[in-house]
file target.txt (compact mmCIF, C-alpha atoms and all ligand atoms)
# COMPACT_ATOMS: atom_id res chain seq x y z
CA MET M 322 40.41 -94.99 -181.64
CA LYS M 323 41.48 -98.52 -180.75
CA ASN M 324 44.90 -99.53 -181.94
CA TYR M 325 46.32 -103.00 -182.53
CA ASP M 326 49.95 -103.90 -183.15
CA ILE M 327 50.33 -106.88 -185.45
CA ALA M 328 53.58 -108.63 -186.32
CA VAL M 329 53.53 -110.05 -189.83
CA ILE M 330 55.65 -112.96 -191.01
CA GLY M 331 54.85 -113.53 -194.68
CA GLY M 332 57.32 -116.40 -194.77
CA ASP M 333 57.95 -118.68 -197.72
CA GLY M 334 56.41 -119.59 -201.06
CA THR M 335 52.92 -118.20 -201.48
CA GLY M 336 52.90 -116.92 -197.88
CA PRO M 337 53.66 -113.28 -198.72
CA GLU M 338 51.06 -113.22 -201.53
CA VAL M 339 48.19 -114.43 -199.39
CA ILE M 340 49.21 -112.23 -196.47
CA ARG M 341 49.19 -109.22 -198.79
CA GLU M 342 45.52 -109.92 -199.56
CA ALA M 343 44.67 -110.56 -195.90
CA ILE M 344 46.16 -107.18 -194.97
CA LYS M 345 44.24 -105.52 -197.80
CA VAL M 346 40.98 -106.83 -196.33
CA LEU M 347 41.98 -106.06 -192.73
CA GLU M 348 42.76 -102.45 -193.62
CA VAL M 349 39.36 -101.93 -195.26
CA VAL M 350 37.52 -103.53 -192.34
CA ALA M 351 39.51 -101.52 -189.79
CA ALA M 352 38.65 -98.24 -191.51
CA LYS M 353 35.00 -99.23 -191.67
CA HIS M 354 34.81 -100.32 -188.03
CA LYS M 355 36.94 -97.46 -186.79
CA PHE M 356 40.02 -99.05 -185.34
CA LYS M 357 43.63 -98.92 -186.40
CA LEU M 358 46.03 -101.73 -187.28
CA ASN M 359 49.80 -101.23 -187.13
CA PHE M 360 51.66 -103.88 -189.09
CA THR M 361 55.35 -104.63 -188.46
CA HIS M 362 56.87 -106.94 -191.06
CA TYR M 363 59.51 -109.61 -190.41
CA ASP M 364 61.33 -111.56 -193.10
CA PHE M 365 61.88 -114.88 -191.33
CA GLY M 366 61.70 -117.93 -193.56
CA GLY M 367 63.65 -120.01 -196.05
CA THR M 368 64.97 -117.15 -198.18
CA ARG M 369 66.52 -115.36 -195.24
CA TYR M 370 67.90 -118.64 -193.91
CA LEU M 371 69.56 -119.48 -197.24
CA GLN M 372 71.07 -116.00 -197.42
CA THR M 373 72.23 -115.56 -193.85
CA GLY M 374 72.16 -119.00 -192.20
CA GLU M 375 69.91 -117.57 -189.54
CA VAL M 376 66.55 -119.24 -188.85
CA LEU M 377 65.13 -117.15 -186.03
CA PRO M 378 67.40 -115.01 -183.85
CA ASP M 379 66.73 -115.13 -180.09
CA SER M 380 66.17 -111.39 -180.14
CA ALA M 381 63.30 -111.88 -182.61
CA VAL M 382 61.47 -114.19 -180.25
CA GLU M 383 61.77 -111.56 -177.53
CA GLU M 384 60.58 -108.87 -179.90
CA LEU M 385 57.61 -110.91 -181.07
CA LYS M 386 56.57 -111.47 -177.46
CA LYS M 387 55.74 -107.78 -177.27
CA PHE M 388 52.97 -108.12 -179.85
CA PRO M 389 49.50 -109.32 -178.88
CA VAL M 390 49.14 -111.06 -182.24
CA ILE M 391 51.13 -112.34 -185.20
CA LEU M 392 49.85 -112.98 -188.72
CA LEU M 393 51.84 -115.76 -190.37
CA GLY M 394 51.85 -116.70 -194.06
CA ALA M 395 53.64 -120.01 -194.45
CA ILE M 396 56.90 -121.66 -193.49
CA GLY M 397 58.68 -124.24 -195.70
CA HIS M 398 61.18 -123.91 -198.55
CA PRO M 399 61.99 -126.58 -201.18
CA GLU M 400 65.74 -125.94 -200.91
CA VAL M 401 65.85 -126.28 -197.14
CA LYS M 402 65.90 -129.72 -195.53
CA PRO M 403 62.48 -130.53 -194.00
CA GLY M 404 62.36 -129.78 -190.30
CA ILE M 405 64.81 -126.90 -190.09
CA LEU M 406 62.35 -124.09 -190.75
CA GLU M 407 59.29 -125.88 -189.37
CA LYS M 408 61.05 -126.61 -186.08
CA GLY M 409 63.18 -123.46 -186.08
CA ILE M 410 60.38 -120.98 -186.71
CA LEU M 411 56.85 -122.35 -186.51
CA LEU M 412 57.25 -124.87 -183.69
CA ARG M 413 59.73 -122.67 -181.84
CA LEU M 414 57.25 -119.81 -181.78
CA ARG M 415 54.39 -122.09 -180.77
CA PHE M 416 56.48 -123.39 -177.87
CA GLU M 417 58.36 -120.30 -176.71
CA LEU M 418 55.31 -118.07 -176.94
CA GLU M 419 53.39 -120.81 -175.11
CA GLN M 420 50.66 -120.95 -177.68
CA PHE M 421 49.20 -124.03 -176.10
CA ILE M 422 46.05 -124.10 -178.22
CA ASN M 423 45.79 -124.71 -181.92
CA LEU M 424 42.28 -123.68 -182.84
CA ARG M 425 40.96 -124.93 -186.17
CA PRO M 426 37.39 -124.22 -187.20
CA VAL M 427 36.02 -126.59 -189.82
CA LYS M 428 33.14 -124.87 -191.54
CA LEU M 429 31.74 -125.53 -194.98
CA TYR M 430 30.58 -122.36 -196.75
CA ASP M 431 29.30 -123.85 -199.97
CA GLU M 432 28.35 -127.43 -200.75
CA ARG M 433 29.90 -127.14 -204.23
CA PHE M 434 33.30 -127.30 -202.55
CA CYS M 435 32.67 -130.30 -200.31
CA PRO M 436 34.08 -133.60 -201.58
CA LEU M 437 31.48 -135.52 -199.56
CA LYS M 438 28.23 -136.54 -201.19
CA ASP M 439 25.09 -134.82 -199.85
CA LYS M 440 26.88 -132.77 -197.19
CA ARG M 441 25.89 -129.15 -196.93
CA PRO M 442 26.96 -126.21 -194.74
CA GLU M 443 24.55 -127.29 -191.98
CA HIS M 444 26.39 -130.62 -191.75
CA ILE M 445 29.94 -129.34 -191.48
CA ASP M 446 30.42 -126.77 -188.75
CA PHE M 447 32.70 -127.80 -185.93
CA VAL M 448 35.88 -126.69 -184.19
CA VAL M 449 38.98 -128.69 -183.39
CA VAL M 450 40.92 -127.64 -180.31
CA ARG M 451 44.36 -129.16 -180.73
CA GLU M 452 46.88 -129.19 -177.88
CA ASN M 453 49.85 -127.28 -179.31
CA ASN M 454 52.77 -127.52 -176.87
CA GLU M 455 53.13 -131.17 -175.89
CA GLY M 456 52.58 -134.71 -177.13
CA LEU M 457 54.91 -136.06 -179.80
CA TYR M 458 56.00 -132.54 -180.74
CA THR M 459 58.25 -131.81 -177.74
CA GLY M 460 61.30 -133.47 -179.27
CA SER M 461 61.63 -135.86 -176.35
CA GLY M 462 63.42 -139.08 -177.26
CA GLY M 463 66.51 -139.94 -179.21
CA PHE M 464 68.59 -142.53 -180.99
CA VAL M 465 70.61 -145.39 -179.65
CA PHE M 466 73.18 -147.13 -181.90
CA LYS M 467 72.31 -144.74 -184.70
CA GLY M 468 73.35 -145.92 -188.14
CA THR M 469 73.97 -149.50 -187.03
CA PRO M 470 71.72 -152.51 -187.57
CA HIS M 471 70.82 -152.24 -183.87
CA GLU M 472 69.56 -148.71 -184.23
CA VAL M 473 66.74 -147.67 -181.93
CA ALA M 474 64.70 -144.51 -182.39
CA ILE M 475 62.40 -143.41 -179.60
CA GLN M 476 60.02 -140.47 -179.87
CA GLU M 477 58.00 -139.89 -176.75
CA SER M 478 54.60 -138.33 -176.28
CA VAL M 479 54.70 -135.89 -173.38
CA ASN M 480 51.40 -135.24 -171.61
CA THR M 481 51.45 -133.20 -168.44
CA ARG M 482 48.40 -132.86 -166.24
CA ARG M 483 48.81 -129.07 -166.37
CA GLY M 484 49.22 -128.95 -170.15
CA VAL M 485 46.32 -131.30 -170.78
CA GLU M 486 44.05 -129.59 -168.30
CA ARG M 487 44.55 -126.08 -169.66
CA CYS M 488 43.81 -127.36 -173.14
CA LEU M 489 40.67 -129.15 -171.95
CA ARG M 490 39.47 -126.06 -170.10
CA TYR M 491 39.94 -123.95 -173.20
CA ALA M 492 37.95 -126.49 -175.22
CA PHE M 493 35.16 -126.58 -172.65
CA GLU M 494 34.96 -122.80 -172.84
CA VAL M 495 34.71 -122.92 -176.64
CA ALA M 496 31.99 -125.59 -176.40
CA ARG M 497 30.06 -123.63 -173.78
CA LYS M 498 29.72 -120.67 -176.15
CA ARG M 499 28.24 -122.77 -178.96
CA LYS M 500 24.64 -123.74 -179.55
CA ASN M 501 25.07 -127.50 -179.13
CA LYS M 502 27.53 -127.33 -176.21
CA ARG M 503 29.06 -130.70 -177.00
CA LEU M 504 32.71 -131.56 -176.50
CA THR M 505 34.23 -134.74 -177.92
CA LEU M 506 37.56 -135.99 -176.64
CA CYS M 507 39.41 -137.59 -179.55
CA GLY M 508 42.01 -140.09 -178.36
CA LYS M 509 43.13 -143.67 -178.42
CA THR M 510 42.32 -145.01 -174.96
CA ASN M 511 42.39 -148.60 -176.19
CA VAL M 512 46.10 -148.51 -177.06
CA LEU M 513 47.72 -145.36 -175.61
CA THR M 514 46.71 -146.43 -172.14
CA TYR M 515 48.94 -143.95 -170.30
CA ALA M 516 48.60 -140.77 -172.31
CA PHE M 517 44.90 -140.96 -172.97
CA ASP M 518 44.17 -142.36 -169.56
CA LEU M 519 45.43 -139.05 -168.21
CA TRP M 520 43.46 -137.13 -170.86
CA GLU M 521 40.26 -139.05 -170.17
CA ARG M 522 40.45 -138.67 -166.39
CA ALA M 523 41.19 -134.97 -166.64
CA PHE M 524 38.39 -134.57 -169.23
CA ASN M 525 35.79 -136.16 -166.97
CA GLU M 526 37.02 -134.49 -163.77
CA VAL M 527 37.13 -130.98 -165.25
CA GLY M 528 33.83 -131.49 -167.08
CA GLU M 529 32.06 -132.86 -164.03
CA LYS M 530 33.38 -130.15 -161.75
CA ASP M 531 33.20 -126.98 -163.83
CA TYR M 532 31.34 -127.62 -167.09
CA LYS M 533 28.22 -129.58 -166.26
CA ASP M 534 26.37 -127.64 -168.97
CA VAL M 535 28.65 -129.10 -171.68
CA LYS M 536 27.83 -132.59 -172.96
CA ARG M 537 30.86 -134.88 -173.01
CA ASP M 538 31.60 -137.48 -175.60
CA TYR M 539 34.55 -139.64 -176.60
CA ALA M 540 35.78 -140.97 -179.97
CA HIS M 541 38.92 -142.90 -180.87
CA VAL M 542 41.03 -141.05 -183.42
CA ASP M 543 40.57 -143.67 -186.13
CA ALA M 544 36.81 -143.59 -185.68
CA THR M 545 36.97 -139.78 -185.71
CA THR M 546 38.39 -139.82 -189.25
CA MET M 547 35.61 -142.20 -190.24
CA TRP M 548 32.90 -139.91 -188.80
CA PHE M 549 34.46 -136.85 -190.46
CA VAL M 550 33.61 -138.47 -193.77
CA LYS M 551 30.42 -140.32 -192.85
CA ASN M 552 28.69 -138.09 -190.27
CA PRO M 553 30.55 -134.79 -189.80
CA GLU M 554 27.30 -133.34 -188.40
CA TRP M 555 27.88 -135.32 -185.22
CA PHE M 556 30.68 -133.00 -184.15
CA ASP M 557 30.51 -129.68 -182.36
CA VAL M 558 33.84 -129.15 -180.59
CA ILE M 559 36.63 -131.75 -180.59
CA VAL M 560 39.60 -131.66 -178.25
CA THR M 561 42.68 -133.76 -178.89
CA ASP M 562 46.45 -134.01 -178.55
CA ASN M 563 49.02 -132.39 -180.80
CA MET M 564 49.67 -135.23 -183.26
CA PHE M 565 46.09 -136.42 -183.64
CA GLY M 566 45.03 -132.80 -183.97
CA ASP M 567 47.55 -132.26 -186.74
CA ILE M 568 46.23 -135.24 -188.69
CA ILE M 569 42.49 -134.82 -188.26
CA THR M 570 42.59 -131.10 -189.11
CA ASP M 571 44.05 -131.80 -192.55
CA LEU M 572 41.06 -134.06 -193.14
CA GLY M 573 38.87 -131.35 -191.63
CA ALA M 574 40.32 -128.83 -194.08
CA MET M 575 39.46 -131.11 -196.99
CA ILE M 576 35.81 -131.53 -196.04
CA GLN M 577 35.40 -127.77 -195.61
CA GLY M 578 36.65 -127.19 -199.13
CA GLY M 579 40.42 -127.59 -198.97
CA MET M 580 43.54 -125.73 -197.93
CA GLY M 581 42.38 -122.68 -199.86
CA ILE M 582 39.91 -121.85 -197.12
CA ALA M 583 41.28 -123.42 -193.90
CA ALA M 584 42.69 -121.16 -191.20
CA GLY M 585 43.91 -121.67 -187.69
CA GLY M 586 45.06 -119.86 -184.59
CA ASN M 587 47.96 -120.69 -182.27
CA ILE M 588 46.65 -119.27 -179.07
CA ASN M 589 48.10 -118.12 -175.79
CA PRO M 590 45.14 -116.42 -174.13
CA GLU M 591 47.47 -114.33 -171.98
CA GLY M 592 50.35 -113.75 -174.35
CA THR M 593 51.09 -113.57 -178.05
CA SER M 594 48.81 -115.50 -180.38
CA MET M 595 49.56 -116.33 -184.00
CA PHE M 596 47.09 -116.80 -186.84
CA GLU M 597 47.82 -118.60 -190.09
CA PRO M 598 46.32 -120.20 -193.17
CA ILE M 599 47.10 -123.87 -192.55
CA GLY M 600 47.91 -124.83 -196.12
CA GLY M 601 51.68 -124.45 -196.25
CA SER M 602 53.94 -122.55 -198.63
CA ALA M 603 52.86 -124.25 -201.91
CA PRO M 604 56.18 -123.40 -203.64
CA LYS M 605 55.00 -124.51 -207.07
CA TYR M 606 52.43 -121.70 -207.10
CA ALA M 607 54.71 -119.04 -205.58
CA GLY M 608 54.84 -115.72 -207.42
CA LYS M 609 52.14 -116.75 -209.91
CA ASN M 610 49.26 -114.85 -208.29
CA VAL M 611 47.03 -117.95 -208.51
CA ILE M 612 46.92 -119.13 -204.90
CA ASN M 613 43.68 -118.76 -202.96
CA PRO M 614 44.04 -115.99 -200.34
CA LEU M 615 40.78 -116.84 -198.55
CA ALA M 616 42.47 -118.99 -195.90
CA ALA M 617 44.77 -116.09 -195.02
CA ILE M 618 41.80 -113.72 -195.03
CA CYS M 619 40.01 -116.13 -192.67
CA ALA M 620 43.12 -116.15 -190.46
CA GLY M 621 42.77 -112.37 -190.33
CA GLN M 622 39.14 -112.83 -189.35
CA MET M 623 40.14 -115.16 -186.49
CA LEU M 624 42.74 -112.61 -185.39
CA LEU M 625 40.16 -109.81 -185.17
CA ASP M 626 37.75 -112.05 -183.34
CA PHE M 627 40.51 -112.93 -180.89
CA VAL M 628 41.42 -109.33 -180.10
CA GLY M 629 37.75 -108.56 -179.49
CA GLU M 630 36.74 -106.94 -182.78
CA THR M 631 33.92 -109.43 -183.14
CA LYS M 632 31.71 -107.28 -185.39
CA ALA M 633 34.55 -106.68 -187.82
CA ALA M 634 35.39 -110.39 -187.75
CA GLU M 635 31.78 -111.29 -188.55
CA ALA M 636 31.83 -108.82 -191.41
CA ILE M 637 34.88 -110.56 -192.89
CA GLU M 638 33.22 -113.94 -192.61
CA LYS M 639 30.10 -112.65 -194.34
CA ALA M 640 32.20 -111.17 -197.15
CA VAL M 641 34.12 -114.43 -197.57
CA ILE M 642 30.85 -116.36 -197.72
CA LYS M 643 29.53 -114.05 -200.42
CA VAL M 644 32.64 -114.50 -202.52
CA VAL M 645 32.68 -118.26 -201.98
CA ARG M 646 28.98 -118.73 -202.75
CA GLY M 647 28.53 -116.21 -205.47
CA LYS M 648 31.68 -115.87 -207.46
CA ILE M 649 34.52 -118.26 -207.19
CA GLU M 650 34.57 -121.40 -209.37
CA SER M 651 36.87 -123.46 -207.21
CA LEU M 652 38.81 -122.97 -203.99
CA ALA M 653 41.91 -124.62 -205.46
CA ALA M 654 44.98 -122.70 -206.60
CA GLY M 655 44.84 -121.83 -210.30
CA LYS M 656 41.22 -122.93 -210.67
CA MET M 657 39.41 -120.10 -208.93
CA GLY M 658 38.52 -118.28 -212.13
CA TYR M 659 40.24 -115.25 -210.59
CA SER M 660 43.75 -114.29 -209.55
CA THR M 661 44.93 -114.04 -205.94
CA THR M 662 44.72 -110.25 -206.19
CA GLN M 663 41.21 -110.34 -207.67
CA VAL M 664 39.88 -112.60 -204.92
CA GLY M 665 41.38 -110.24 -202.31
CA ASP M 666 39.80 -107.28 -204.13
CA MET M 667 36.41 -108.98 -204.23
CA VAL M 668 36.41 -109.62 -200.51
CA ALA M 669 37.70 -106.11 -199.76
CA GLY M 670 34.98 -104.72 -202.02
CA MET M 671 32.17 -106.28 -199.98
CA PHE M 672 32.26 -103.73 -197.15
C1 LIG R 1 50.48 -127.67 -189.11
C2 LIG R 1 51.70 -128.13 -189.84
C3 LIG R 1 52.87 -128.18 -188.87
C4 LIG R 1 52.51 -129.17 -187.77
C5 LIG R 1 54.21 -128.53 -189.53
C6 LIG R 1 54.54 -127.61 -190.68
C7 LIG R 1 55.33 -128.57 -188.54
O1 LIG R 1 51.47 -129.35 -190.44
O2 LIG R 1 50.46 -126.51 -188.67
O3 LIG R 1 49.54 -128.45 -188.96
O4 LIG R 1 52.78 -130.36 -187.88
O5 LIG R 1 51.96 -128.72 -186.78
MN MN R 2 49.48 -130.10 -190.16
call {"tool": "encode", "arguments": {"input": "target.txt", "output": "structure tokens"}}
result
Amino acid sequence: MKNYDIAVIGGDGTGPEVIREAIKVLEVVAAKHKFKLNFTHYDFGGTRYLQTGEVLPDSAVEELKKFPVILLGAIGHPEVKPGILEKGILLRLRFELEQFINLRPVKLYDERFCPLKDKRPEHIDFVVVRENNEGLYTGSGGFVFKGTPHEVAIQESVNTRRGVERCLRYAFEVARKRKNKRLTLCGKTNVLTYAFDLWERAFNEVGEKDYKDVKRDYAHVDATTMWFVKNPEWFDVIVTDNMFGDIITDLGAMIQGGMGIAAGGNINPEGTSMFEPIGGSAPKYAGKNVINPLAAICAGQMLLDFVGETKAAEAIEKAVIKVVRGKIESLAAGKMGYSTTQVGDMVAGMF
């Protein structure tokens, strides 16, 4: 029987509640499809930090590197200054585990949950491949004359040919496996004339040389947000830098029905990858059993797909679709018509 070791970081706020439901579903699917999942739990997050002052010990990073995959709930605590946990846990893991891809599928399962008029599931089905290790996220830059009237703050976008190219290649591969085989580079070549010049050249060179079967397209980031709302059906796979990817995938999450359903993967194809619901820790709903666990369940689905359990992953998606289409009243926390536990039970009961 196949065996998979999974590190679990429930994290803060509603993280542990949604992860509990994701694990419930994963266990049922594993039994059904005859493989075994071994979960090892870690308590990193705001609560541990407030108690011990420790964000993420170096030894933990080394330990996590031994797992093929991590399932993450959410990071972010209202009593901890913004940035400490996000940088100290989430971004640190993304960087040190070299998860250079942030993969975010945007797929509408039921038109009732789309805020756009006349858009149905056939109109919203694309994938954003976000570069996850570079750009404005590297922490390059600094202050000069801090705290004085002459203060200067510089935050630099780092784009290496190697980092950009590996991201582009990953995106081309994703596009190649899809029906429409269309890859859109989302950038800002009219203003960011260094960074996106590199991106655009690499995009065309790599595409021309190794991915002639994939159609190439370009959209400025501002126009991309416009098309997300006006013509989301134009997109198949989008590749973009870290910051733009962060921004457009929140909009993507909204048009697919909201944070209750949006999942993502931080991927290192040769190392440790980490899957998460992208909605955050939602502290005001923590402990109330009202948060939507579907995003975490979908993160579990992405995880299984990633490790090669594609049939089991498809089964989870089908179950989620049934629950979304047939049962649930809303995808928003507190408005589902069911509790967190009940939604998890409904999905788990579909197999
Ligand atoms: C995300 C989040 C993170 C990011 C934050 C929490 C640092 O918004 O995963 O999109 O900016 O990448
Ligand atoms: Mn974000």
call {"tool": "closest_residue", "arguments": {"input": "target.txt", "among": "M:Val611, M:Asp531, M:Thr481, M:Thr459", "to": "Met564 of chain M", "atoms": "all atoms listed in the file"}}
result
M:Thr459
call {"tool": "residues_near_ligand", "arguments": {"input": "target.txt", "ligand": "ligand MN 2 (chain R)", "cutoff": "7 Å", "atoms": "all atoms listed in the file", "output": "ChimeraX atom specification"}}
result
/M:567-568,571
call {"tool": "residues_around", "arguments": {"input": "target.txt", "residues": "segment 437-451 of chain M", "least_positions_apart": "5", "cutoff": "9 Å", "atoms": "all atoms listed in the file", "output": "CSV table (one decimal) with C-alpha atoms, keeping the file's coordinate frame"}}
result
chain,number,residue,atom,x,y,z
M,421,PHE,CA,49.2,-124.0,-176.1
M,422,ILE,CA,46.0,-124.1,-178.2
M,423,ASN,CA,45.8,-124.7,-181.9
M,424,LEU,CA,42.3,-123.7,-182.8
M,425,ARG,CA,41.0,-124.9,-186.2
M,426,PRO,CA,37.4,-124.2,-187.2
M,427,VAL,CA,36.0,-126.6,-189.8
M,428,LYS,CA,33.1,-124.9,-191.5
M,429,LEU,CA,31.7,-125.5,-195.0
M,430,TYR,CA,30.6,-122.4,-196.8
M,431,ASP,CA,29.3,-123.8,-200.0
M,432,GLU,CA,28.4,-127.4,-200.8
M,488,CYS,CA,43.8,-127.4,-173.1
M,489,LEU,CA,40.7,-129.2,-172.0
M,491,TYR,CA,39.9,-124.0,-173.2
M,492,ALA,CA,38.0,-126.5,-175.2
M,495,VAL,CA,34.7,-122.9,-176.6
M,496,ALA,CA,32.0,-125.6,-176.4
M,549,PHE,CA,34.5,-136.8,-190.5
M,550,VAL,CA,33.6,-138.5,-193.8
M,551,LYS,CA,30.4,-140.3,-192.8
M,552,ASN,CA,28.7,-138.1,-190.3
M,553,PRO,CA,30.6,-134.8,-189.8
M,554,GLU,CA,27.3,-133.3,-188.4
M,555,TRP,CA,27.9,-135.3,-185.2
M,556,PHE,CA,30.7,-133.0,-184.2
M,557,ASP,CA,30.5,-129.7,-182.4
M,558,VAL,CA,33.8,-129.2,-180.6
M,559,ILE,CA,36.6,-131.8,-180.6
M,560,VAL,CA,39.6,-131.7,-178.2
M,561,THR,CA,42.7,-133.8,-178.9
M,562,ASP,CA,46.4,-134.0,-178.6
M,563,ASN,CA,49.0,-132.4,-180.8
M,564,MET,CA,49.7,-135.2,-183.3
M,565,PHE,CA,46.1,-136.4,-183.6
M,566,GLY,CA,45.0,-132.8,-184.0
M,567,ASP,CA,47.6,-132.3,-186.7
M,569,ILE,CA,42.5,-134.8,-188.3
M,570,THR,CA,42.6,-131.1,-189.1
M,573,GLY,CA,38.9,-131.4,-191.6
M,576,ILE,CA,35.8,-131.5,-196.0
M,577,GLN,CA,35.4,-127.8,-195.6
call {"tool": "closest_residue", "arguments": {"input": "target.txt", "among": "M:Glu400, M:Glu472, M:Glu597, M:Asp326", "to": "ligand LIG 1 (chain R)", "atoms": "all atoms listed in the file"}}
result
M:Glu597
call {"tool": "closest_residue", "arguments": {"input": "target.txt", "among": "M:Ala516, M:Val535, M:Ala603, M:Val479", "to": "Gly397 of chain M", "atoms": "all atoms listed in the file"}}
result
M:Ala603
call {"tool": "atom_distance", "arguments": {"input": "target.txt", "atom1": "atom CA of Arg646 of chain M", "atom2": "atom CA of Pro598 of chain M"}}
result
19.9 Å
call {"tool": "atom_distance", "arguments": {"input": "target.txt", "atom1": "atom CA of Ala607 of chain M", "atom2": "atom CA of Pro337 of chain M"}}
result
9.0 Å
call {"tool": "residues_around", "arguments": {"input": "target.txt", "residues": "Cys619 of chain M", "least_positions_apart": "4", "cutoff": "8 Å", "atoms": "all atoms listed in the file", "output": "PyMOL selection string"}}
result
chain M and resi 343+582-584+598+615+623+637-638+641
call {"tool": "closest_residue", "arguments": {"input": "target.txt", "among": "M:Val401, M:Val542, M:Val350, M:Ile410", "to": "Leu572 of chain M", "atoms": "all atoms listed in the file"}}
result
M:Val542
call {"tool": "decode", "arguments": {"input": "target.txt", "residues": "segment 391-405 of chain M", "atoms": "N, CA, C and O atoms", "output": "PDB file, in the first residue's frame"}}
result
ATOM      1  N   ILE M 391       3.266  19.503   2.805  1.00  0.00           N
ATOM      2  CA  ILE M 391       2.765  20.115   4.039  1.00  0.00           C
ATOM      3  C   ILE M 391       1.338  20.596   3.769  1.00  0.00           C
ATOM      4  O   ILE M 391       1.057  21.117   2.690  1.00  0.00           O
ATOM      5  N   LEU M 392       0.468  20.415   4.747  1.00  0.00           N
ATOM      6  CA  LEU M 392      -0.876  20.980   4.671  1.00  0.00           C
ATOM      7  C   LEU M 392      -0.937  22.107   5.701  1.00  0.00           C
ATOM      8  O   LEU M 392      -0.707  21.882   6.885  1.00  0.00           O
ATOM      9  N   LEU M 393      -1.213  23.307   5.220  1.00  0.00           N
ATOM     10  CA  LEU M 393      -1.174  24.489   6.093  1.00  0.00           C
ATOM     11  C   LEU M 393      -2.568  25.084   6.237  1.00  0.00           C
ATOM     12  O   LEU M 393      -3.283  25.241   5.242  1.00  0.00           O
ATOM     13  N   GLY M 394      -2.934  25.427   7.477  1.00  0.00           N
ATOM     14  CA  GLY M 394      -4.249  26.050   7.703  1.00  0.00           C
ATOM     15  C   GLY M 394      -4.199  27.528   7.393  1.00  0.00           C
ATOM     16  O   GLY M 394      -4.583  27.982   6.316  1.00  0.00           O
ATOM     17  N   ALA M 395      -3.722  28.310   8.338  1.00  0.00           N
ATOM     18  CA  ALA M 395      -3.630  29.759   8.130  1.00  0.00           C
ATOM     19  C   ALA M 395      -2.637  30.341   9.115  1.00  0.00           C
ATOM     20  O   ALA M 395      -2.481  29.832  10.223  1.00  0.00           O
ATOM     21  N   ILE M 396      -1.996  31.425   8.708  1.00  0.00           N
ATOM     22  CA  ILE M 396      -1.036  32.106   9.566  1.00  0.00           C
ATOM     23  C   ILE M 396      -1.485  33.556   9.723  1.00  0.00           C
ATOM     24  O   ILE M 396      -1.815  34.214   8.738  1.00  0.00           O
ATOM     25  N   GLY M 397      -1.498  34.081  10.953  1.00  0.00           N
ATOM     26  CA  GLY M 397      -1.910  35.469  11.191  1.00  0.00           C
ATOM     27  C   GLY M 397      -2.723  35.550  12.473  1.00  0.00           C
ATOM     28  O   GLY M 397      -3.717  34.849  12.634  1.00  0.00           O
ATOM     29  N   HIS M 398      -2.258  36.375  13.424  1.00  0.00           N
ATOM     30  CA  HIS M 398      -2.882  36.447  14.739  1.00  0.00           C
ATOM     31  C   HIS M 398      -3.127  37.918  15.078  1.00  0.00           C
ATOM     32  O   HIS M 398      -2.226  38.736  14.938  1.00  0.00           O
ATOM     33  N   PRO M 399      -4.342  38.254  15.554  1.00  0.00           N
ATOM     34  CA  PRO M 399      -4.658  39.674  15.802  1.00  0.00           C
ATOM     35  C   PRO M 399      -3.765  40.338  16.852  1.00  0.00           C
ATOM     36  O   PRO M 399      -3.595  41.556  16.829  1.00  0.00           O
ATOM     37  N   GLU M 400      -3.176  39.543  17.750  1.00  0.00           N
ATOM     38  CA  GLU M 400      -2.330  40.153  18.788  1.00  0.00           C
ATOM     39  C   GLU M 400      -0.858  40.208  18.399  1.00  0.00           C
ATOM     40  O   GLU M 400      -0.020  40.638  19.181  1.00  0.00           O
ATOM     41  N   VAL M 401      -0.545  39.765  17.220  1.00  0.00           N
ATOM     42  CA  VAL M 401       0.851  39.804  16.772  1.00  0.00           C
ATOM     43  C   VAL M 401       0.965  40.823  15.645  1.00  0.00           C
ATOM     44  O   VAL M 401       0.143  40.834  14.719  1.00  0.00           O
ATOM     45  N   LYS M 402       1.968  41.691  15.751  1.00  0.00           N
ATOM     46  CA  LYS M 402       2.168  42.736  14.749  1.00  0.00           C
ATOM     47  C   LYS M 402       2.252  42.143  13.329  1.00  0.00           C
ATOM     48  O   LYS M 402       2.980  41.178  13.115  1.00  0.00           O
ATOM     49  N   PRO M 403       1.506  42.730  12.372  1.00  0.00           N
ATOM     50  CA  PRO M 403       1.523  42.180  11.017  1.00  0.00           C
ATOM     51  C   PRO M 403       2.943  42.049  10.477  1.00  0.00           C
ATOM     52  O   PRO M 403       3.764  42.940  10.664  1.00  0.00           O
ATOM     53  N   GLY M 404       3.221  40.946   9.849  1.00  0.00           N
ATOM     54  CA  GLY M 404       4.535  40.756   9.239  1.00  0.00           C
ATOM     55  C   GLY M 404       5.367  39.720   9.957  1.00  0.00           C
ATOM     56  O   GLY M 404       6.091  38.953   9.325  1.00  0.00           O
ATOM     57  N   ILE M 405       5.242  39.662  11.287  1.00  0.00           N
ATOM     58  CA  ILE M 405       6.118  38.760  12.048  1.00  0.00           C
ATOM     59  C   ILE M 405       5.841  37.297  11.679  1.00  0.00           C
ATOM     60  O   ILE M 405       6.749  36.549  11.312  1.00  0.00           O
TER      61      ILE M 405
END
